[in-house]
$ cat structure24.csv   # CSV, C-alpha atoms
chain,number,residue,atom,x,y,z
Z,94,MET,CA,36.9,73.4,-41.8
Z,95,THR,CA,33.9,74.2,-39.7
Z,96,ILE,CA,32.0,75.7,-42.6
Z,97,LYS,CA,32.7,72.6,-44.6
Z,98,PHE,CA,31.3,70.5,-41.7
Z,99,VAL,CA,28.2,72.6,-41.4
Z,100,LEU,CA,27.5,72.5,-45.1
Z,101,LYS,CA,28.0,68.7,-45.0
Z,102,SER,CA,25.7,68.3,-42.1
Z,103,ILE,CA,23.0,70.4,-43.8
Z,104,GLY,CA,23.4,68.3,-46.9
Z,105,ILE,CA,23.1,65.1,-45.1
Z,106,LEU,CA,20.1,66.3,-43.1
Z,107,TRP,CA,18.4,67.5,-46.2
Z,108,MET,CA,19.0,64.2,-48.0
Z,109,LEU,CA,17.7,62.3,-45.0
Z,110,GLY,CA,14.8,64.6,-44.4
Z,111,SER,CA,13.1,65.2,-47.7
Z,112,PRO,CA,12.2,61.7,-48.9
Z,113,LEU,CA,12.2,60.1,-45.6
Z,114,VAL,CA,9.3,60.2,-43.2
Z,115,PHE,CA,9.5,57.2,-40.9
Z,116,ALA,CA,6.2,55.9,-42.0
Z,117,GLN,CA,5.3,52.4,-40.8
Z,118,ASN,CA,1.7,52.0,-42.1
Z,119,VAL,CA,-0.2,52.4,-45.3
Z,120,ASP,CA,-1.9,55.7,-44.3
Z,121,ALA,CA,1.4,57.3,-43.3
Z,122,VAL,CA,2.9,56.3,-46.7
Z,123,LEU,CA,-0.2,57.7,-48.5
Z,124,ASN,CA,-0.1,60.9,-46.5
Z,125,HIS,CA,3.6,61.3,-47.3
Z,126,TYR,CA,2.8,61.5,-51.0
Z,127,LYS,CA,-0.3,63.6,-50.4
Z,128,ASN,CA,1.9,66.1,-48.6
Z,129,ASN,CA,4.5,66.1,-51.2
Z,130,LEU,CA,2.5,67.2,-54.3
Z,131,THR,CA,4.4,69.6,-56.5
Z,132,GLN,CA,3.1,73.2,-56.7
Z,133,ASN,CA,0.9,72.6,-59.8
Z,134,GLU,CA,-0.4,69.2,-58.8
Z,135,GLN,CA,-3.8,68.7,-57.2
Z,136,LEU,CA,-5.3,65.6,-55.7
Z,137,ASP,CA,-7.5,63.7,-58.0
Z,138,PRO,CA,-11.2,63.6,-56.9
Z,139,ASN,CA,-11.4,60.0,-58.2
Z,140,ALA,CA,-8.0,58.8,-57.2
Z,141,THR,CA,-9.0,55.2,-56.9
Z,142,GLN,CA,-10.3,55.1,-60.5
Z,143,GLU,CA,-7.3,57.0,-61.8
Z,144,GLY,CA,-5.0,54.6,-60.0
Z,145,LYS,CA,-6.7,51.6,-61.6
Z,146,THR,CA,-6.2,53.2,-65.0
Z,147,LEU,CA,-2.5,53.7,-64.3
Z,148,TYR,CA,-2.2,50.1,-63.1
Z,149,LEU,CA,-3.8,48.7,-66.2
Z,150,ARG,CA,-2.3,51.1,-68.8
Z,151,ASP,CA,-0.3,49.2,-71.5
Z,152,VAL,CA,2.6,51.2,-73.0
Z,153,ILE,CA,5.3,50.4,-75.5
Z,154,ASN,CA,8.5,51.3,-73.6
Z,155,LYS,CA,11.7,52.7,-75.2
Z,156,LYS,CA,12.9,49.1,-75.8
Z,157,GLY,CA,9.8,48.4,-77.8
Z,158,GLU,CA,8.3,46.0,-75.3
Z,159,LYS,CA,4.7,46.1,-74.3
Z,160,ILE,CA,4.8,46.6,-70.6
Z,161,SER,CA,2.6,47.8,-67.7
Z,162,CYS,CA,2.4,47.6,-64.0
Z,163,HIS,CA,0.4,44.5,-64.3
Z,164,THR,CA,3.0,42.7,-66.4
Z,165,CYS,CA,4.9,41.9,-63.3
Z,166,HIS,CA,2.2,42.3,-60.6
Z,167,GLY,CA,-0.7,40.5,-62.3
Z,168,LEU,CA,-4.0,41.8,-63.5
Z,169,ASP,CA,-5.4,41.4,-60.0
Z,170,PRO,CA,-3.2,43.0,-57.4
Z,171,LYS,CA,-4.4,40.4,-54.8
Z,172,THR,CA,-2.7,37.6,-56.7
Z,173,GLN,CA,1.0,36.8,-57.1
Z,174,GLY,CA,2.9,38.2,-60.0
Z,175,LYS,CA,6.2,37.2,-61.7
Z,176,SER,CA,9.4,39.1,-62.3
Z,177,LYS,CA,11.1,39.2,-65.7
Z,178,ALA,CA,13.5,36.5,-64.4
Z,179,GLY,CA,10.6,34.4,-63.5
Z,180,LYS,CA,10.6,34.8,-59.8
Z,181,ILE,CA,7.3,35.0,-57.9
Z,182,ILE,CA,6.3,38.4,-56.7
Z,183,GLU,CA,4.0,38.4,-53.7
Z,184,PRO,CA,0.7,40.3,-54.1
Z,185,LEU,CA,0.8,44.1,-54.1
Z,186,ALA,CA,-2.5,44.6,-52.4
Z,187,PRO,CA,-2.3,45.0,-48.6
Z,188,SER,CA,-5.5,43.0,-48.3
Z,189,ALA,CA,-3.4,40.0,-49.4
Z,190,ASN,CA,0.0,41.1,-48.2
Z,191,ALA,CA,0.1,43.2,-45.0
Z,192,GLN,CA,3.7,44.3,-45.6
Z,193,ARG,CA,2.9,46.4,-48.6
Z,194,PHE,CA,3.1,50.2,-48.5
Z,195,THR,CA,4.4,50.2,-44.9
Z,196,ASP,CA,8.1,51.1,-45.7
Z,197,ILE,CA,8.4,54.4,-47.4
Z,198,LYS,CA,12.0,53.7,-48.5
Z,199,LYS,CA,11.1,50.5,-50.1
Z,200,VAL,CA,8.0,52.0,-51.8
Z,201,GLU,CA,10.0,54.9,-53.1
Z,202,LYS,CA,12.7,52.6,-54.5
Z,203,TRP,CA,10.3,50.5,-56.4
Z,204,PHE,CA,8.2,53.4,-57.7
Z,205,ARG,CA,11.4,55.0,-59.0
Z,206,ARG,CA,12.5,51.8,-60.8
Z,207,ASN,CA,9.2,50.5,-62.0
Z,208,CYS,CA,7.9,53.9,-63.3
Z,209,ARG,CA,11.1,54.3,-65.2
Z,210,ASP,CA,10.8,50.9,-66.7
Z,211,VAL,CA,7.2,51.4,-67.8
Z,212,PHE,CA,6.8,55.1,-68.5
Z,213,ASP,CA,10.5,56.0,-69.0
Z,214,ARG,CA,10.1,58.6,-66.3
Z,215,GLU,CA,9.4,58.8,-62.6
Z,216,CYS,CA,5.8,58.9,-61.4
Z,217,THR,CA,4.5,62.1,-59.9
Z,218,ALA,CA,3.4,62.3,-56.2
Z,219,LYS,CA,-0.2,62.5,-57.5
Z,220,GLU,CA,0.2,59.3,-59.6
Z,221,LYS,CA,1.6,57.6,-56.5
Z,222,VAL,CA,-1.4,58.7,-54.4
Z,223,ASN,CA,-3.7,57.4,-57.1
Z,224,PHE,CA,-1.8,54.1,-57.4
Z,225,ILE,CA,-1.8,53.4,-53.7
Z,226,SER,CA,-5.5,54.5,-53.4
Z,227,TYR,CA,-6.4,51.9,-56.0
Z,228,ILE,CA,-4.2,49.1,-54.7
Z,229,THR,CA,-5.4,49.5,-51.1
Z,230,SER,CA,-9.0,49.6,-52.3
Z,231,VAL,CA,-8.8,46.1,-53.7
Z,232,LYS,CA,-10.3,43.8,-51.1
R,623,MET,CA,52.1,-21.4,-49.9
R,624,ILE,CA,50.8,-20.0,-46.6
R,625,ARG,CA,54.1,-18.2,-46.0
R,626,LEU,CA,54.0,-16.7,-49.5
R,627,LYS,CA,50.4,-15.5,-49.1
R,628,GLN,CA,51.2,-13.9,-45.7
R,629,THR,CA,54.0,-11.8,-47.1
R,630,HIS,CA,51.9,-10.8,-50.1
R,631,VAL,CA,48.8,-9.7,-48.1
R,632,PRO,CA,50.1,-6.1,-47.5
R,633,LEU,CA,51.4,-6.0,-51.1
R,634,ILE,CA,48.0,-7.0,-52.6
R,635,LEU,CA,46.2,-4.6,-50.3
R,636,LEU,CA,48.5,-1.8,-51.3
R,637,LEU,CA,48.2,-2.7,-55.0
R,638,SER,CA,44.4,-2.8,-54.8
R,639,ILE,CA,44.3,0.5,-53.0
R,640,LEU,CA,46.5,2.0,-55.7
R,641,THR,CA,44.5,0.6,-58.6
R,642,PHE,CA,41.2,1.5,-57.1
R,643,GLY,CA,42.4,4.9,-56.2
R,644,ALA,CA,43.7,5.6,-59.7
R,645,ALA,CA,40.5,4.3,-61.3
R,646,ASN,CA,38.5,6.5,-58.9
R,647,LEU,CA,40.5,9.5,-59.9
R,648,LEU,CA,40.1,8.7,-63.6
R,649,TYR,CA,36.5,7.7,-63.8
R,650,GLY,CA,34.9,8.8,-60.6
R,651,ASP,CA,35.7,12.3,-61.6
R,652,ASP,CA,33.0,14.9,-61.8
R,653,ASP,CA,31.4,16.1,-65.0
R,654,ASP,CA,33.5,19.1,-64.9
R,655,ASP,CA,36.3,17.3,-66.8
R,656,ASP,CA,34.0,15.9,-69.4
R,657,ASN,CA,34.7,18.5,-72.0
R,658,ASP,CA,38.0,19.7,-70.9
R,659,GLY,CA,39.0,21.1,-74.3
R,660,LYS,CA,40.2,24.7,-74.9
R,661,SER,CA,36.8,26.0,-73.9
R,662,GLY,CA,34.7,27.4,-76.7
R,663,GLU,CA,37.1,26.5,-79.4
R,664,HIS,CA,35.9,23.2,-80.6
R,665,HIS,CA,33.4,22.0,-78.1
R,666,SER,CA,30.7,21.1,-80.7
R,667,SER,CA,32.9,18.4,-82.3
R,668,GLN,CA,34.0,17.0,-79.0
R,669,SER,CA,32.6,13.7,-77.8
R,670,SER,CA,31.3,13.7,-74.2
R,671,SER,CA,33.2,10.6,-73.2
R,672,PRO,CA,35.9,11.3,-70.7
R,673,SER,CA,39.3,11.6,-72.2
R,674,THR,CA,41.9,9.6,-70.4
R,675,SER,CA,44.9,11.6,-71.5
R,676,LYS,CA,44.1,14.7,-69.6
R,677,LYS,CA,45.7,15.3,-66.3
R,678,VAL,CA,43.7,14.5,-63.2
R,679,ALA,CA,43.7,17.5,-60.9
R,680,SER,CA,41.0,16.8,-58.3
R,681,LYS,CA,40.8,14.5,-55.3
R,682,SER,CA,37.1,14.7,-54.8
R,683,GLN,CA,33.9,15.7,-56.5
R,684,SER,CA,33.4,18.5,-54.1
R,685,ALA,CA,36.4,20.3,-55.6
R,686,THR,CA,33.9,21.5,-58.3
R,687,ASP,CA,31.5,22.9,-55.7
R,688,LEU,CA,31.8,26.7,-55.4
R,689,GLY,CA,30.9,26.4,-51.7
R,690,ALA,CA,28.2,28.2,-49.8
R,691,PRO,CA,28.9,31.9,-50.1
R,692,GLY,CA,27.3,33.2,-46.9
R,693,TYR,CA,24.9,35.7,-48.5
R,694,THR,CA,24.5,38.9,-46.6
R,695,THR,CA,21.1,40.1,-45.5
R,696,LEU,CA,21.6,43.0,-47.8
R,697,TYR,CA,22.3,40.8,-50.7
R,698,LYS,CA,19.2,38.7,-50.1
R,699,GLU,CA,17.0,41.7,-49.6
R,700,GLU,CA,18.2,43.7,-52.6
R,701,CYS,CA,19.0,41.0,-55.2
R,702,THR,CA,16.6,38.2,-54.7
R,703,SER,CA,13.3,40.2,-55.1
R,704,CYS,CA,13.7,39.6,-58.8
R,705,HIS,CA,15.9,36.6,-59.2
R,706,MET,CA,17.6,33.7,-57.5
R,707,ALA,CA,20.7,34.3,-55.5
R,708,TYR,CA,23.6,34.2,-57.9
R,709,HIS,CA,26.8,32.9,-56.4
R,710,PRO,CA,29.5,35.6,-56.4
R,711,ALA,CA,32.0,33.0,-57.8
R,712,LEU,CA,30.0,32.7,-61.1
R,713,LEU,CA,31.8,35.9,-62.4
R,714,PRO,CA,35.1,37.5,-62.1
R,715,THR,CA,35.6,40.8,-60.3
R,716,ALA,CA,35.7,42.9,-63.5
R,717,SER,CA,32.2,41.6,-64.3
R,718,TRP,CA,30.7,42.4,-61.0
R,719,THR,CA,32.2,45.9,-61.1
R,720,LYS,CA,30.8,46.5,-64.6
R,721,MET,CA,27.4,45.2,-63.6
R,722,MET,CA,27.1,47.2,-60.5
R,723,ALA,CA,28.0,50.3,-62.4
R,724,SER,CA,25.2,49.8,-64.9
R,725,LEU,CA,22.2,49.0,-62.8
R,726,LYS,CA,20.1,51.5,-64.7
R,727,ASP,CA,19.8,48.9,-67.4
R,728,HIS,CA,20.1,45.6,-65.5
R,729,PHE,CA,19.1,43.0,-68.1
R,730,GLY,CA,16.4,45.4,-69.3
R,731,VAL,CA,15.2,46.4,-65.9
R,732,ASP,CA,16.0,49.5,-63.8
R,733,ALA,CA,17.7,48.1,-60.7
R,734,THR,CA,19.2,51.3,-59.4
R,735,LEU,CA,20.3,51.5,-55.7
R,736,GLU,CA,21.4,54.0,-53.2
R,737,ALA,CA,25.2,54.6,-53.6
R,738,LYS,CA,26.0,53.1,-50.2
R,739,THR,CA,23.9,50.0,-50.8
R,740,GLN,CA,25.5,49.6,-54.2
R,741,SER,CA,29.1,49.8,-52.9
R,742,GLU,CA,28.4,47.4,-50.1
R,743,LEU,CA,26.9,44.8,-52.4
R,744,LEU,CA,29.8,45.2,-54.8
R,745,LYS,CA,32.2,44.6,-51.9
R,746,PHE,CA,30.4,41.4,-51.1
R,747,LEU,CA,30.4,40.2,-54.7
R,748,VAL,CA,34.1,41.0,-55.2
R,749,SER,CA,35.0,39.3,-51.9
R,750,GLY,CA,33.7,36.0,-53.3
R,751,SER,CA,34.3,36.5,-57.0
R,752,ALA,CA,35.7,33.7,-59.3
R,753,GLU,CA,39.3,34.8,-58.6
R,754,LYS,CA,38.8,34.2,-54.9
R,755,ASN,CA,37.3,30.8,-55.4
R,756,ARG,CA,39.5,27.7,-55.2
R,757,SER,CA,37.1,25.3,-57.0
R,758,ARG,CA,38.0,23.9,-60.3
R,759,ARG,CA,34.8,25.2,-61.8
R,760,ALA,CA,35.7,28.8,-61.0
R,761,GLN,CA,39.3,28.3,-62.2
R,762,LYS,CA,38.1,26.9,-65.5
R,763,LEU,CA,35.7,29.7,-66.0
R,764,LEU,CA,38.6,32.2,-65.5
R,765,LYS,CA,40.8,30.2,-67.9
R,766,SER,CA,38.0,30.3,-70.5
R,767,LEU,CA,37.8,34.1,-70.2
R,768,LYS,CA,41.5,34.6,-70.7
R,769,GLY,CA,42.0,36.9,-73.7
R,770,ASN,CA,38.5,38.4,-73.4
R,771,THR,CA,38.8,42.2,-73.4
R,772,VAL,CA,35.2,42.7,-72.4
R,773,PRO,CA,34.1,41.2,-69.1
R,774,PRO,CA,30.9,39.2,-69.4
R,775,VAL,CA,27.9,40.5,-67.4
R,776,SER,CA,26.1,37.2,-67.4
R,777,TYR,CA,27.3,33.7,-66.8
R,778,SER,CA,25.0,32.2,-69.3
R,779,THR,CA,26.7,34.1,-72.2
R,780,THR,CA,30.2,32.8,-71.4
R,781,SER,CA,31.8,30.2,-73.6
R,782,TYR,CA,32.3,28.1,-70.5
R,783,PHE,CA,28.5,28.0,-69.8
R,784,LYS,CA,27.8,27.2,-73.5
R,785,GLN,CA,30.3,24.4,-73.5
R,786,LYS,CA,28.8,22.9,-70.3
R,787,HIS,CA,25.3,23.1,-71.8
R,788,HIS,CA,26.1,22.1,-75.4
R,789,GLU,CA,23.6,19.3,-75.3
R,790,ILE,CA,20.7,21.5,-74.1
R,791,SER,CA,18.7,23.0,-76.9
R,792,THR,CA,17.4,26.6,-76.7
R,793,GLY,CA,13.8,25.3,-76.5
R,794,VAL,CA,14.6,23.6,-73.2
R,795,PHE,CA,15.7,26.8,-71.6
R,796,LYS,CA,12.4,28.4,-72.7
R,797,ARG,CA,10.2,25.8,-70.9
R,798,LYS,CA,7.7,27.2,-68.4
R,799,GLY,CA,9.4,25.6,-65.5
R,800,ILE,CA,12.8,27.1,-66.5
R,801,ASN,CA,12.0,30.6,-68.0
R,802,SER,CA,15.5,31.2,-69.3
R,803,ALA,CA,19.2,30.1,-69.0
R,804,ALA,CA,19.5,32.6,-66.2
R,805,ASN,CA,17.4,30.5,-63.9
R,806,CYS,CA,20.1,28.0,-62.7
R,807,LEU,CA,17.9,26.9,-59.9
R,808,ALA,CA,15.3,25.3,-62.2
R,809,CYS,CA,17.7,22.4,-62.9
R,810,HIS,CA,20.4,22.7,-60.3
R,811,PRO,CA,18.7,22.5,-56.9
R,812,ARG,CA,21.8,23.5,-55.0
R,813,ALA,CA,22.8,26.4,-57.3
R,814,GLU,CA,22.4,29.0,-54.7
R,815,GLU,CA,24.8,27.2,-52.4
R,816,GLY,CA,27.3,26.8,-55.2
R,817,GLY,CA,26.5,23.1,-56.2
R,818,TYR,CA,26.3,22.6,-59.9
R,819,ASN,CA,27.2,18.9,-60.1
R,820,GLU,CA,25.8,17.2,-63.2
R,821,HIS,CA,24.6,14.3,-61.1
R,822,GLU,CA,22.2,16.5,-59.3
R,823,VAL,CA,20.6,18.0,-62.4
R,824,LYS,CA,16.9,17.7,-62.7
R,825,ILE,CA,15.5,19.3,-65.9
R,826,PRO,CA,11.8,20.3,-65.7
R,827,LYS,CA,9.7,18.5,-68.4
R,828,GLY,CA,7.5,21.5,-69.1
$ encode --input "structure24.csv" --output "structure tokens"
Amino acid sequence: MTIKFVLKSIGILWMLGSPLVFAQNVDAVLNHYKNNLTQNEQLDPNATQEGKTLYLRDVINKKGEKISCHTCHGLDPKTQGKSKAGKIIEPLAPSANAQRFTDIKKVEKWFRRNCRDVFDRECTAKEKVNFISYITSVK
Amino acid sequence: MIRLKQTHVPLILLLSILTFGAANLLYGDDDDDDNDGKSGEHHSSQSSSPSTSKKVASKSQSATDLGAPGYTTLYKEECTSCHMAYHPALLPTASWTKMMASLKDHFGVDATLEAKTQSELLKFLVSGSAEKNRSRRAQKLLKSLKGNTVPPVSYSTTSYFKQKHHEISTGVFKRKGINSAANCLACHPRAEEGGYNEHEVKIPKG
């Protein structure tokens, strides 16, 4: 029973600890990803430019639809976008929407979903650093 | 004469109340009874004039209102980033259960959630699902689904929805101000609070 409890606790702590840094501002969120690069990943010297390329990259997803990050978020991240269901999405750029990239849990959730929708896979930590670098550079 | 009139006053009053009341029940009824056929079976050939032979079940128009569902903060946060707040009584329990188990492909979008969030949301949806709703609208939806082996995952694909919207062409749903049949709110201003009364409908022109 005690072993079970200890194992459980370790499991819970591990689950809580790894993706969750209690980041409350853009820099902390960005640093979280910078500190979580996989072993063979290196930071891009021109992260902002790479991030822009990622944001604008059109792909045909597995459902045969042409899709990209800007499909929902708009060509200019300072402007409102639109979900598939037609609902307004507030701007992604922190210069236009101060709440963006301040809640790591929320950021992670949407990276997971949106990267899967567009690229059929999750984005890497490096890609997330690039993406945030670009979006936060848009003034 | 006078004596006769006096004795007849309460009678006349009673009679007028009865007739008025009956007429009110028959004709003042909500749109929900307009096409009260076996849903989906022959709605295309049905006229939209109210049939007088059917039984009158409701006492007021509000009996068709689904009622305000009291959305939880979690529901608003998780579900309304992408779409309007769908009333839990729009679908039966089996539909919500199926939908919440397939969020990986939620109408073409990945809407995956943490397990705990997912089960809390399902609990909320099920607590207010069509089966728990006393309105005629919910009861009719359930009746129309009887015999279906596969629970519908969207309201707009049910025969009940189609019957209620038989006069709306597909082009109308595609208008810019509407987007799709999934956007109830475009034409039913009180959709999120469960009000779908025909008299309140405003269809965007473009």
$ atom_distance --input "structure24.csv" --atom1 "CA of Gln142 in chain Z" --atom2 "CA of Ser703 in chain R"
28.4 Å
$ interface_residues --input "structure24.csv" --of "chain Z" --to "chain R" --cutoff "10 Å" --atoms "only C-alpha atoms" --output "VMD selection string"
chain Z and resid 156 175 to 183 202 to 203 205 to 211 213
$ write_last_selection --input "structure24.csv" --atoms "C-alpha atoms" --output "short mmCIF file (atom, residue, chain, number, x, y, z; two decimals), keeping the file's coordinate frame"
data_model
loop_
_atom_site.label_atom_id
_atom_site.label_comp_id
_atom_site.auth_asym_id
_atom_site.auth_seq_id
_atom_site.Cartn_x
_atom_site.Cartn_y
_atom_site.Cartn_z
CA LYS Z 156 12.90 49.10 -75.80
CA LYS Z 175 6.20 37.20 -61.70
CA SER Z 176 9.40 39.10 -62.30
CA LYS Z 177 11.10 39.20 -65.70
CA ALA Z 178 13.50 36.50 -64.40
CA GLY Z 179 10.60 34.40 -63.50
CA LYS Z 180 10.60 34.80 -59.80
CA ILE Z 181 7.30 35.00 -57.90
CA ILE Z 182 6.30 38.40 -56.70
CA GLU Z 183 4.00 38.40 -53.70
CA LYS Z 202 12.70 52.60 -54.50
CA TRP Z 203 10.30 50.50 -56.40
CA ARG Z 205 11.40 55.00 -59.00
CA ARG Z 206 12.50 51.80 -60.80
CA ASN Z 207 9.20 50.50 -62.00
CA CYS Z 208 7.90 53.90 -63.30
CA ARG Z 209 11.10 54.30 -65.20
CA ASP Z 210 10.80 50.90 -66.70
CA VAL Z 211 7.20 51.40 -67.80
CA ASP Z 213 10.50 56.00 -69.00
#
$ closest_residue --input "structure24.csv" --among "Z:Val122, Z:Ser230, Z:Phe224, Z:Ala186" --to "Arg150 in chain Z" --atoms "all atoms listed in the file"
Z:Phe224
$ atom_distance --input "structure24.csv" --atom1 "CA of Lys698 in chain R" --atom2 "CA of Leu744 in chain R"
13.3 Å
$ atom_distance --input "structure24.csv" --atom1 "CA of Thr217 in chain Z" --atom2 "CA of Leu136 in chain Z"
11.2 Å
$ closest_residue --input "structure24.csv" --among "Z:Leu149, Z:Asp169, Z:Lys219, Z:Lys199" --to "Glu134 in chain Z" --atoms "only C-alpha atoms"
Z:Lys219
$ residues_around --input "structure24.csv" --residues "Leu712 in chain R" --least-positions-apart "2" --cutoff "8 Å" --atoms "all atoms listed in the file" --output "PyMOL selection string"
chain R and resi 708-710+714+751-752+760+777
$ residues_around --input "structure24.csv" --residues "Arg812 in chain R" --least-positions-apart "2" --cutoff "12 Å" --atoms "all atoms listed in the file" --output "PDB file with C-alpha atoms, keeping the file's coordinate frame"
ATOM      1  CA  ASP R 687      31.500  22.900 -55.700  1.00  0.00           C
ATOM      2  CA  LEU R 688      31.800  26.700 -55.400  1.00  0.00           C
ATOM      3  CA  GLY R 689      30.900  26.400 -51.700  1.00  0.00           C
ATOM      4  CA  ALA R 690      28.200  28.200 -49.800  1.00  0.00           C
ATOM      5  CA  MET R 706      17.600  33.700 -57.500  1.00  0.00           C
ATOM      6  CA  ALA R 707      20.700  34.300 -55.500  1.00  0.00           C
ATOM      7  CA  TYR R 708      23.600  34.200 -57.900  1.00  0.00           C
ATOM      8  CA  HIS R 709      26.800  32.900 -56.400  1.00  0.00           C
ATOM      9  CA  CYS R 806      20.100  28.000 -62.700  1.00  0.00           C
ATOM     10  CA  LEU R 807      17.900  26.900 -59.900  1.00  0.00           C
ATOM     11  CA  ALA R 808      15.300  25.300 -62.200  1.00  0.00           C
ATOM     12  CA  CYS R 809      17.700  22.400 -62.900  1.00  0.00           C
ATOM     13  CA  HIS R 810      20.400  22.700 -60.300  1.00  0.00           C
ATOM     14  CA  GLU R 814      22.400  29.000 -54.700  1.00  0.00           C
ATOM     15  CA  GLU R 815      24.800  27.200 -52.400  1.00  0.00           C
ATOM     16  CA  GLY R 816      27.300  26.800 -55.200  1.00  0.00           C
ATOM     17  CA  GLY R 817      26.500  23.100 -56.200  1.00  0.00           C
ATOM     18  CA  TYR R 818      26.300  22.600 -59.900  1.00  0.00           C
ATOM     19  CA  ASN R 819      27.200  18.900 -60.100  1.00  0.00           C
ATOM     20  CA  GLU R 820      25.800  17.200 -63.200  1.00  0.00           C
ATOM     21  CA  HIS R 821      24.600  14.300 -61.100  1.00  0.00           C
ATOM     22  CA  GLU R 822      22.200  16.500 -59.300  1.00  0.00           C
ATOM     23  CA  VAL R 823      20.600  18.000 -62.400  1.00  0.00           C
ATOM     24  CA  LYS R 824      16.900  17.700 -62.700  1.00  0.00           C
TER      25      LYS R 824
END
$ residues_near_point --input "structure24.csv" --point "(24.9, 47.6, -51.6)" --cutoff "12 Å" --atoms "only C-alpha atoms" --output "PyMOL selection string"
chain R and resi 694-701+722-723+725+733-748
$ closest_residue --input "structure24.csv" --among "Z:Val200, Z:Ala140, Z:Ala189, Z:Val222" --to "Asn128 in chain Z" --atoms "all atoms listed in the file"
Z:Val222
